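Asks: What follows is model13.cif, mmCIF, C-alpha atoms.
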```
data_upload
#
loop_
_atom_site.group_PDB
_atom_site.id
_atom_site.type_symbol
_atom_site.label_atom_id
_atom_site.label_comp_id
_atom_site.auth_asym_id
_atom_site.auth_seq_id
_atom_site.Cartn_x
_atom_site.Cartn_y
_atom_site.Cartn_z
ATOM 1 C CA MET K 1 75.635 94.177 71.154
ATOM 2 C CA SER K 2 73.547 92.089 73.534
ATOM 3 C CA ASP K 3 72.202 93.155 76.928
ATOM 4 C CA ILE K 4 74.674 90.847 78.679
ATOM 5 C CA PRO K 5 77.149 92.950 80.685
ATOM 6 C CA ALA K 6 80.737 92.859 79.468
ATOM 7 C CA ILE K 7 81.707 92.324 83.113
ATOM 8 C CA ARG K 8 79.414 91.425 85.995
ATOM 9 C CA VAL K 9 80.779 91.386 89.548
ATOM 10 C CA SER K 10 78.329 90.015 92.126
ATOM 11 C CA GLY K 11 78.999 90.169 95.869
ATOM 12 C CA ALA K 12 82.760 89.923 95.409
ATOM 13 C CA VAL K 13 84.664 89.290 98.651
ATOM 14 C CA LYS K 14 88.354 88.454 98.832
ATOM 15 C CA CYS K 15 90.033 87.843 102.179
ATOM 16 C CA PHE K 16 93.709 87.577 102.970
ATOM 17 C CA GLY K 17 93.573 86.407 106.559
ATOM 18 C CA ALA K 18 91.710 89.106 108.503
ATOM 19 C CA LEU K 19 92.056 91.598 105.646
ATOM 20 C CA ARG K 20 89.032 91.966 103.354
ATOM 21 C CA ALA K 21 90.689 93.281 100.175
ATOM 22 C CA LEU K 22 87.284 93.173 98.460
ATOM 23 C CA ASP K 23 84.280 93.708 100.695
ATOM 24 C CA GLY K 24 81.061 92.993 98.811
ATOM 25 C CA VAL K 25 81.651 94.580 95.402
ATOM 26 C CA ASP K 26 78.708 94.650 92.968
ATOM 27 C CA LEU K 27 79.417 96.071 89.532
ATOM 28 C CA ASP K 28 78.101 95.814 85.980
ATOM 29 C CA ILE K 29 80.164 97.193 83.087
ATOM 30 C CA ARG K 30 78.218 97.482 79.854
ATOM 31 C CA GLN K 31 79.475 96.269 76.486
ATOM 32 C CA GLY K 32 81.259 99.005 74.553
ATOM 33 C CA GLU K 33 81.957 101.174 77.606
ATOM 34 C CA PHE K 34 85.227 102.907 78.366
ATOM 35 C CA PHE K 35 85.148 102.368 82.113
ATOM 36 C CA GLY K 36 87.442 103.747 84.815
ATOM 37 C CA LEU K 37 88.279 101.819 87.993
ATOM 38 C CA LEU K 38 89.951 104.238 90.391
ATOM 39 C CA GLY K 39 91.164 104.149 93.966
ATOM 40 C CA PRO K 40 94.217 104.708 96.157
ATOM 41 C CA ASN K 41 96.883 102.056 96.640
ATOM 42 C CA GLY K 42 95.406 99.159 98.590
ATOM 43 C CA ALA K 43 91.815 99.938 97.572
ATOM 44 C CA GLY K 44 91.316 96.519 95.925
ATOM 45 C CA LYS K 45 91.703 97.353 92.215
ATOM 46 C CA THR K 46 94.465 94.855 91.458
ATOM 47 C CA THR K 47 92.752 92.207 93.607
ATOM 48 C CA LEU K 48 89.586 92.624 91.542
ATOM 49 C CA ILE K 49 91.520 92.422 88.276
ATOM 50 C CA SER K 50 93.362 89.300 89.470
ATOM 51 C CA ALA K 51 90.038 87.617 90.237
ATOM 52 C CA LEU K 52 88.642 88.764 86.892
ATOM 53 C CA ALA K 53 91.629 87.280 85.052
ATOM 54 C CA GLY K 54 91.452 84.001 86.990
ATOM 55 C CA LEU K 55 94.766 84.575 88.782
ATOM 56 C CA SER K 56 93.054 84.308 92.160
ATOM 57 C CA ARG K 57 89.693 83.057 93.419
ATOM 58 C CA LEU K 58 87.168 85.088 95.338
ATOM 59 C CA THR K 59 86.374 84.116 98.903
ATOM 60 C CA GLU K 60 82.712 84.824 98.120
ATOM 61 C CA GLY K 61 80.785 86.003 95.068
ATOM 62 C CA HIS K 62 81.047 85.600 91.312
ATOM 63 C CA ILE K 63 82.547 87.350 88.290
ATOM 64 C CA ALA K 64 81.481 86.826 84.676
ATOM 65 C CA VAL K 65 82.985 88.152 81.445
ATOM 66 C CA MET K 66 80.564 88.385 78.518
ATOM 67 C CA GLY K 67 78.285 86.025 80.431
ATOM 68 C CA HIS K 68 80.996 83.435 81.133
ATOM 69 C CA ASP K 69 81.769 82.704 84.790
ATOM 70 C CA VAL K 70 85.518 83.095 85.315
ATOM 71 C CA VAL K 71 85.655 79.899 87.415
ATOM 72 C CA ARG K 72 83.072 77.550 85.880
ATOM 73 C CA ASP K 73 83.544 78.701 82.249
ATOM 74 C CA TYR K 74 87.168 79.753 82.547
ATOM 75 C CA ARG K 75 88.160 78.830 78.965
ATOM 76 C CA GLN K 76 85.412 80.956 77.432
ATOM 77 C CA ALA K 77 86.012 83.758 79.912
ATOM 78 C CA ARG K 78 89.750 83.880 79.121
ATOM 79 C CA SER K 79 89.092 83.843 75.390
ATOM 80 C CA VAL K 80 87.087 87.102 75.510
ATOM 81 C CA LEU K 81 89.390 88.919 77.945
ATOM 82 C CA GLY K 82 92.725 90.651 77.451
ATOM 83 C CA VAL K 83 94.637 92.049 80.433
ATOM 84 C CA VAL K 84 97.595 94.434 80.312
ATOM 85 C CA PRO K 85 99.292 93.952 83.699
ATOM 86 C CA GLN K 86 100.887 96.692 85.732
ATOM 87 C CA GLU K 87 104.157 94.763 86.087
ATOM 88 C CA LEU K 88 106.582 94.261 83.201
ATOM 89 C CA VAL K 89 106.402 90.493 82.730
ATOM 90 C CA PHE K 90 108.017 89.063 79.597
ATOM 91 C CA ASP K 91 109.852 86.045 78.200
ATOM 92 C CA PRO K 92 113.467 87.043 77.467
ATOM 93 C CA PHE K 93 114.150 84.258 74.951
ATOM 94 C CA PHE K 94 111.999 85.408 72.031
ATOM 95 C CA SER K 95 111.672 88.293 69.629
ATOM 96 C CA VAL K 96 108.592 90.523 69.719
ATOM 97 C CA ARG K 97 106.950 88.762 66.768
ATOM 98 C CA GLU K 98 107.713 85.293 68.139
ATOM 99 C CA LEU K 99 106.237 86.253 71.483
ATOM 100 C CA LEU K 100 103.010 87.461 69.875
ATOM 101 C CA ARG K 101 102.707 84.289 67.788
ATOM 102 C CA ILE K 102 103.177 82.157 70.911
ATOM 103 C CA GLN K 103 100.565 84.221 72.770
ATOM 104 C CA ALA K 104 98.115 83.722 69.887
ATOM 105 C CA GLY K 105 98.832 79.993 70.043
ATOM 106 C CA TYR K 106 97.628 79.868 73.657
ATOM 107 C CA PHE K 107 94.182 80.689 72.261
ATOM 108 C CA GLY K 108 94.436 78.213 69.386
ATOM 109 C CA ILE K 109 94.985 80.974 66.819
ATOM 110 C CA ARG K 110 97.316 80.423 63.871
ATOM 111 C CA GLY K 111 98.165 82.410 60.769
ATOM 112 C CA ASN K 112 97.151 85.801 62.190
ATOM 113 C CA ASP K 113 100.270 87.655 61.052
ATOM 114 C CA ASP K 114 98.128 90.349 59.408
ATOM 115 C CA TRP K 115 96.626 91.238 62.802
ATOM 116 C CA ILE K 116 100.041 91.019 64.473
ATOM 117 C CA ASP K 117 101.407 93.413 61.843
ATOM 118 C CA GLU K 118 98.518 95.787 62.538
ATOM 119 C CA LEU K 119 99.211 95.662 66.273
ATOM 120 C CA LEU K 120 102.902 96.333 65.693
ATOM 121 C CA ALA K 121 102.116 99.278 63.418
ATOM 122 C CA ASN K 122 99.546 100.838 65.763
ATOM 123 C CA LEU K 123 101.879 100.520 68.747
ATOM 124 C CA ASP K 124 104.913 101.773 66.784
ATOM 125 C CA LEU K 125 106.720 98.438 67.162
ATOM 126 C CA THR K 126 107.204 97.496 63.504
ATOM 127 C CA ASN K 127 110.931 98.220 63.531
ATOM 128 C CA LYS K 128 111.284 96.145 66.722
ATOM 129 C CA ALA K 129 109.424 93.069 65.446
ATOM 130 C CA GLU K 130 112.537 90.890 65.198
ATOM 131 C CA THR K 131 114.250 92.329 68.279
ATOM 132 C CA ASN K 132 114.762 90.152 71.348
ATOM 133 C CA MET K 133 112.673 91.262 74.310
ATOM 134 C CA ARG K 134 115.770 91.693 76.490
ATOM 135 C CA GLN K 135 117.006 94.445 74.187
ATOM 136 C CA LEU K 136 113.892 96.619 74.484
ATOM 137 C CA SER K 137 113.514 99.647 76.715
ATOM 138 C CA GLY K 138 110.920 99.636 79.487
ATOM 139 C CA GLY K 139 108.508 101.680 77.377
ATOM 140 C CA MET K 140 108.860 99.314 74.402
ATOM 141 C CA LYS K 141 108.294 96.293 76.648
ATOM 142 C CA ARG K 142 105.076 97.894 77.887
ATOM 143 C CA ARG K 143 103.918 98.320 74.281
ATOM 144 C CA VAL K 144 104.538 94.596 73.731
ATOM 145 C CA LEU K 145 102.416 93.783 76.804
ATOM 146 C CA VAL K 146 99.577 95.729 75.219
ATOM 147 C CA ALA K 147 100.027 93.822 71.933
ATOM 148 C CA GLN K 148 100.046 90.502 73.827
ATOM 149 C CA ALA K 149 96.742 91.336 75.498
ATOM 150 C CA LEU K 150 95.168 92.165 72.142
ATOM 151 C CA VAL K 151 96.613 89.435 69.944
ATOM 152 C CA HIS K 152 93.476 87.245 70.241
ATOM 153 C CA LYS K 153 91.110 90.210 69.621
ATOM 154 C CA PRO K 154 89.314 90.049 72.984
ATOM 155 C CA ASP K 155 85.927 91.698 73.472
ATOM 156 C CA VAL K 156 86.985 93.072 76.870
ATOM 157 C CA ILE K 157 90.351 94.770 77.463
ATOM 158 C CA VAL K 158 91.621 95.578 80.962
ATOM 159 C CA LEU K 159 94.451 98.095 81.267
ATOM 160 C CA ASP K 160 96.083 98.104 84.718
ATOM 161 C CA GLU K 161 98.198 101.286 84.994
ATOM 162 C CA PRO K 162 99.235 101.022 81.309
ATOM 163 C CA THR K 163 101.071 104.374 81.204
ATOM 164 C CA ALA K 164 102.851 104.200 84.571
ATOM 165 C CA GLY K 165 106.371 105.548 84.141
ATOM 166 C CA VAL K 166 106.247 105.841 80.352
ATOM 167 C CA ASP K 167 106.900 108.776 78.050
ATOM 168 C CA VAL K 168 104.396 111.126 76.454
ATOM 169 C CA GLU K 169 104.860 109.551 73.017
ATOM 170 C CA LEU K 170 103.778 106.123 74.236
ATOM 171 C CA ARG K 171 100.763 107.573 76.023
ATOM 172 C CA GLN K 172 99.580 109.326 72.885
ATOM 173 C CA THR K 173 100.228 106.266 70.688
ATOM 174 C CA LEU K 174 98.480 103.950 73.127
ATOM 175 C CA TRP K 175 95.397 106.110 73.651
ATOM 176 C CA ARG K 176 94.887 106.666 69.917
ATOM 177 C CA PHE K 177 94.831 102.915 69.379
ATOM 178 C CA ILE K 178 92.706 102.105 72.445
ATOM 179 C CA ARG K 179 90.155 104.765 71.473
ATOM 180 C CA LYS K 180 89.957 103.203 68.024
ATOM 181 C CA LEU K 181 89.321 99.772 69.552
ATOM 182 C CA ASN K 182 86.628 101.233 71.807
ATOM 183 C CA GLU K 183 84.956 102.918 68.818
ATOM 184 C CA ASN K 184 84.940 99.498 67.129
ATOM 185 C CA GLY K 185 82.948 98.019 70.015
ATOM 186 C CA HIS K 186 85.588 96.707 72.427
ATOM 187 C CA THR K 187 84.930 97.263 76.133
ATOM 188 C CA ILE K 188 87.825 99.011 77.891
ATOM 189 C CA VAL K 189 88.447 98.951 81.650
ATOM 190 C CA LEU K 190 91.162 101.321 82.840
ATOM 191 C CA THR K 191 92.888 101.677 86.180
ATOM 192 C CA THR K 192 95.229 104.650 86.461
ATOM 193 C CA HIS K 193 96.640 107.165 88.912
ATOM 194 C CA TYR K 194 96.744 109.730 86.098
ATOM 195 C CA LEU K 195 93.265 111.067 86.774
ATOM 196 C CA GLU K 196 93.326 113.441 83.805
ATOM 197 C CA GLU K 197 93.456 110.337 81.581
ATOM 198 C CA ALA K 198 90.388 108.842 83.244
ATOM 199 C CA GLU K 199 88.545 112.158 83.060
ATOM 200 C CA GLU K 200 89.218 112.488 79.339
ATOM 201 C CA LEU K 201 88.651 108.882 78.301
ATOM 202 C CA CYS K 202 86.104 107.183 80.563
ATOM 203 C CA HIS K 203 82.326 107.192 80.102
ATOM 204 C CA ARG K 204 81.690 105.935 83.656
ATOM 205 C CA ILE K 205 83.856 105.616 86.726
ATOM 206 C CA ALA K 206 83.825 103.466 89.863
ATOM 207 C CA MET K 207 85.889 104.578 92.846
ATOM 208 C CA LEU K 208 87.090 101.940 95.284
ATOM 209 C CA LYS K 209 88.123 102.516 98.880
ATOM 210 C CA ALA K 210 89.027 99.771 101.367
ATOM 211 C CA GLY K 211 87.514 97.121 99.095
ATOM 212 C CA GLN K 212 84.165 98.878 98.643
ATOM 213 C CA ILE K 213 82.710 101.034 95.881
ATOM 214 C CA VAL K 214 82.208 104.573 97.222
ATOM 215 C CA ALA K 215 81.172 106.168 93.912
ATOM 216 C CA LEU K 216 79.768 104.784 90.660
ATOM 217 C CA ASP K 217 78.444 107.171 88.038
ATOM 218 C CA THR K 218 79.133 108.862 84.744
ATOM 219 C CA THR K 219 82.254 111.007 84.700
ATOM 220 C CA GLN K 220 80.101 114.106 84.197
ATOM 221 C CA ASN K 221 77.930 113.362 87.204
ATOM 222 C CA ILE K 222 80.913 112.655 89.431
ATOM 223 C CA LEU K 223 82.459 115.988 88.432
ATOM 224 C CA ALA K 224 79.132 117.721 89.149
ATOM 225 C CA ARG K 225 79.256 116.458 92.750
ATOM 226 C CA VAL K 226 82.272 118.651 93.459
ATOM 227 C CA GLY K 227 80.127 121.730 92.889
ATOM 228 C CA GLY K 228 81.056 125.218 91.828
ATOM 229 C CA GLN K 229 84.214 126.474 90.192
ATOM 230 C CA THR K 230 87.462 127.935 91.478
ATOM 231 C CA LEU K 231 88.620 131.508 90.981
ATOM 232 C CA LYS K 232 92.414 131.720 91.112
ATOM 233 C CA LEU K 233 93.925 135.204 91.510
ATOM 234 C CA HIS K 234 97.611 136.111 91.391
ATOM 235 C CA ILE K 235 98.133 139.288 93.431
ATOM 236 C CA GLY K 236 101.877 139.113 94.034
ATOM 237 C CA SER K 237 103.101 140.586 97.322
ATOM 238 C CA ALA K 238 99.871 142.484 98.014
ATOM 239 C CA ALA K 239 97.865 141.725 101.134
ATOM 240 C CA LEU K 240 94.543 139.964 100.721
ATOM 241 C CA PRO K 241 91.679 142.261 101.802
ATOM 242 C CA ALA K 242 90.475 141.234 105.253
ATOM 243 C CA VAL K 243 86.895 140.733 104.079
ATOM 244 C CA LEU K 244 88.118 138.047 101.664
ATOM 245 C CA VAL K 245 90.498 136.234 104.015
ATOM 246 C CA ALA K 246 87.731 134.127 105.562
ATOM 247 C CA LYS K 247 86.239 133.338 102.149
ATOM 248 C CA ALA K 248 89.463 132.130 100.522
ATOM 249 C CA LEU K 249 90.003 128.444 99.942
ATOM 250 C CA SER K 250 93.708 129.185 100.180
ATOM 251 C CA PHE K 251 96.146 132.087 100.040
ATOM 252 C CA ASP K 252 99.801 131.277 99.592
ATOM 253 C CA ALA K 253 102.761 132.855 97.773
ATOM 254 C CA GLY K 254 100.603 135.632 96.373
ATOM 255 C CA VAL K 255 97.960 133.295 94.957
ATOM 256 C CA ALA K 256 94.417 133.342 96.351
ATOM 257 C CA GLN K 257 91.747 130.769 95.475
ATOM 258 C CA PHE K 258 87.985 131.092 95.993
ATOM 259 C CA ASN K 259 85.160 128.657 95.353
ATOM 260 C CA PHE K 260 82.035 130.065 93.726
ATOM 261 C CA ALA K 261 78.717 128.683 92.512
ATOM 262 C CA ASP K 262 77.395 131.907 90.955
ATOM 263 C CA PRO K 263 79.419 133.929 88.404
ATOM 264 C CA LEU K 264 78.242 137.099 90.178
ATOM 265 C CA GLN K 265 80.499 136.109 93.065
ATOM 266 C CA VAL K 266 83.492 136.587 90.781
ATOM 267 C CA GLU K 267 82.563 140.212 90.096
ATOM 268 C CA GLU K 268 81.979 140.811 93.809
ATOM 269 C CA THR K 269 85.439 139.449 94.655
ATOM 270 C CA LEU K 270 87.087 141.584 91.975
ATOM 271 C CA ARG K 271 85.170 144.668 93.196
ATOM 272 C CA VAL K 272 86.518 144.183 96.714
ATOM 273 C CA MET K 273 90.009 143.832 95.278
ATOM 274 C CA ARG K 274 89.664 147.056 93.285
ATOM 275 C CA GLU K 275 88.316 149.036 96.225
ATOM 276 C CA ALA K 276 91.211 147.813 98.383
ATOM 277 C CA GLY K 277 93.674 148.961 95.733
ATOM 278 C CA VAL K 278 94.935 145.441 95.058
ATOM 279 C CA ARG K 279 96.163 144.863 91.517
ATOM 280 C CA VAL K 280 95.232 141.468 90.102
ATOM 281 C CA GLU K 281 98.185 140.304 88.007
ATOM 282 C CA GLU K 282 96.555 137.190 86.599
ATOM 283 C CA MET K 283 93.161 135.488 86.854
ATOM 284 C CA GLU K 284 92.039 131.920 86.128
ATOM 285 C CA ILE K 285 88.660 130.234 86.435
ATOM 286 C CA LEU K 286 89.123 126.519 87.009
ATOM 287 C CA LYS K 287 86.381 123.974 86.486
ATOM 288 C CA PRO K 288 86.099 121.026 88.889
ATOM 289 C CA ASP K 289 88.333 118.140 87.843
ATOM 290 C CA LEU K 290 88.429 114.460 88.658
ATOM 291 C CA GLU K 291 91.299 114.920 91.089
ATOM 292 C CA GLN K 292 89.129 117.173 93.261
ATOM 293 C CA ALA K 293 86.260 114.690 93.069
ATOM 294 C CA PHE K 294 88.579 111.796 93.882
ATOM 295 C CA ILE K 295 90.007 113.511 96.960
ATOM 296 C CA GLN K 296 86.501 114.406 98.136
ATOM 297 C CA MET K 297 85.260 110.816 97.723
ATOM 298 C CA MET K 298 88.301 109.312 99.457
ATOM 299 C CA ARG K 299 87.768 111.574 102.469
ATOM 300 C CA GLN K 300 84.286 110.207 102.955
ATOM 301 C CA GLU K 301 83.643 106.973 104.807
ATOM 302 C CA ALA K 302 83.017 103.912 102.669
ATOM 303 C CA ALA K 303 79.336 103.097 102.449
#
```
Would you mind giving the structure from this file in structure tokens?

Replies:
Amino acid sequence: MSDIPAIRVSGAVKCFGALRALDGVDLDIRQGEFFGLLGPNGAGKTTLISALAGLSRLTEGHIAVMGHDVVRDYRQARSVLGVVPQELVFDPFFSVRELLRIQAGYFGIRGNDDWIDELLANLDLTNKAETNMRQLSGGMKRRVLVAQALVHKPDVIVLDEPTAGVDVELRQTLWRFIRKLNENGHTIVLTTHYLEEAEELCHRIAMLKAGQIVALDTTQNILARVGGQTLKLHIGSAALPAVLVAKALSFDAGVAQFNFADPLQVEETLRVMREAGVRVEEMEILKPDLEQAFIQMMRQEAA
């Protein structure tokens, strides 16, 4: 791999009238990364992906894919990029295999049935290869969108909400295959509202809010910003000892939660419970997760 970023976003601004959907985004994604692009609805994720894919032009700034400017060198940029869109967009007049052959033809590729067969097998579509697209379920159509994005073997793969509204089986099938591609050197960019997926899969994460990046770091470092761990105690109908009421993060329906940075604080909390005669029915120690970090970042003002 070279030192050229897989994706370089420089001073990206996109305006829709008075709305700045992107407001000065600078971002480098390294080759071979599994990168997460997170943010609430309206944060600018889809706008950035549209500009990256050449579906819209920035008001200001530049984007390059594998060193190719998406405007000036659009042919080269498209040839190294595969995008799985959030929307189910498909041609209803062709079978799955025909559609993939046509998609390959857009990139001047012929005779790649071996790769198409591999895509179909890895996405569990082999028995649907000759089926018309109109006859597929929503989940199957989404698998075909993934195959379409990969049919020309792009270096950079962008997945925009790829598992939205799909079943567990598809998620597992998809992530096994995408992980394999990443291990083989492909750069993966993922946007998702399933934060547990991003936490498990992504090496680094950028969080967008109101068109600006409010966090950009490794997943581990972002989780470390949350700080501490959570002690979750189930005490049923018992009253929470008064000394602990002010310290509790929450107490509802017989479940009390406390944040702690030092494990000794757990023993102190349990000691107070014992001395008050409160029986702890169940105890959990929860590590910080990406959802907590995400909520914390979104509550802060954009830089």

Asks: May I ask which of the residues K:Phe177, K:Phe251, K:Phe107, K:Phe90 is the closest one to Arg78 (chain K), counting all atoms listed in the file?

Replies: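 Going through K:Phe177, K:Phe251, K:Phe107, K:Phe90 one by one, the smallest distance to Arg78 (chain K) is for K:Phe107.
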
Asks: Give me, as a list in words, all polymer residues having an atom no more than 7 Å from region 117-129 of chain K, counting only C-alpha atoms and skipping those fewer than 6 positions away in the same chain.

Replies: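 Non-adjacent residues within range: Ser95, Val96, Arg97, Arg143, Ala147, Thr173, Leu174 and Phe177 of chain K.
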
Asks: Starting from the shown file, work through the PyMOL selection byres ((chain K and resi 75) around 12) and note down what comes out as a PyMOL selection string.

Replies: chain K and resi 53-54+64-65+68-74+76-81+106-108

Asks: Excluding same-chain residues fewer than 3 positions from Ile295 (chain K), what lies within 12 Å of it counting all atoms listed in the file, as a VMD selection string?

Replies: chain K and resid 38 to 40 195 207 209 214 to 215 222 to 223 225 to 226 288 to 292 298 to 300

Asks: Could you dump the residues just selected with C-alpha atoms as a compact mmCIF listing (two decimals), keeping the file's coordinate frame?

Replies:
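Resulting contents of selection.txt:
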```
# COMPACT_ATOMS: atom_id res chain seq x y z
CA LEU K 38 89.95 104.24 90.39
CA GLY K 39 91.16 104.15 93.97
CA PRO K 40 94.22 104.71 96.16
CA LEU K 195 93.26 111.07 86.77
CA MET K 207 85.89 104.58 92.85
CA LYS K 209 88.12 102.52 98.88
CA VAL K 214 82.21 104.57 97.22
CA ALA K 215 81.17 106.17 93.91
CA ILE K 222 80.91 112.66 89.43
CA LEU K 223 82.46 115.99 88.43
CA ARG K 225 79.26 116.46 92.75
CA VAL K 226 82.27 118.65 93.46
CA PRO K 288 86.10 121.03 88.89
CA ASP K 289 88.33 118.14 87.84
CA LEU K 290 88.43 114.46 88.66
CA GLU K 291 91.30 114.92 91.09
CA GLN K 292 89.13 117.17 93.26
CA MET K 298 88.30 109.31 99.46
CA ARG K 299 87.77 111.57 102.47
CA GLN K 300 84.29 110.21 102.96
```

Asks: Selection in question (the file shown): the PyMOL selection byres ((chain K and resi 138) around 12). Which residues does it include, as a count of residues only?

Replies: 23

Asks: To one decimal place, how far is CA of Ile235 (chain K) from CA of Ser250 (chain K) in Å?

Replies: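 Spanning CA of Ile235 (chain K) to CA of Ser250 (chain K) is a straight-line distance of 12.9 Å.
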
Asks: Draw an axis-aligned box over all listed atoms of region 220-226 of chain K, pad each side with 4 Å, and write its centre and edge lengths in Å, one decimal, as lines of an AutoDock Vina configuration file.

Replies:
```
center_x = 80.2
center_y = 115.7
center_z = 88.8
size_x = 12.5
size_y = 14.0
size_z = 17.3
```

Asks: Using all atoms listed in the file, can you tell me which of K:Leu99, K:Cys15, K:Ala239, K:Ala261 comes closest to Val280 (chain K)?

Replies: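 Between K:Leu99, K:Cys15, K:Ala239, K:Ala261, the residue approaching Val280 (chain K) most closely is K:Ala239.
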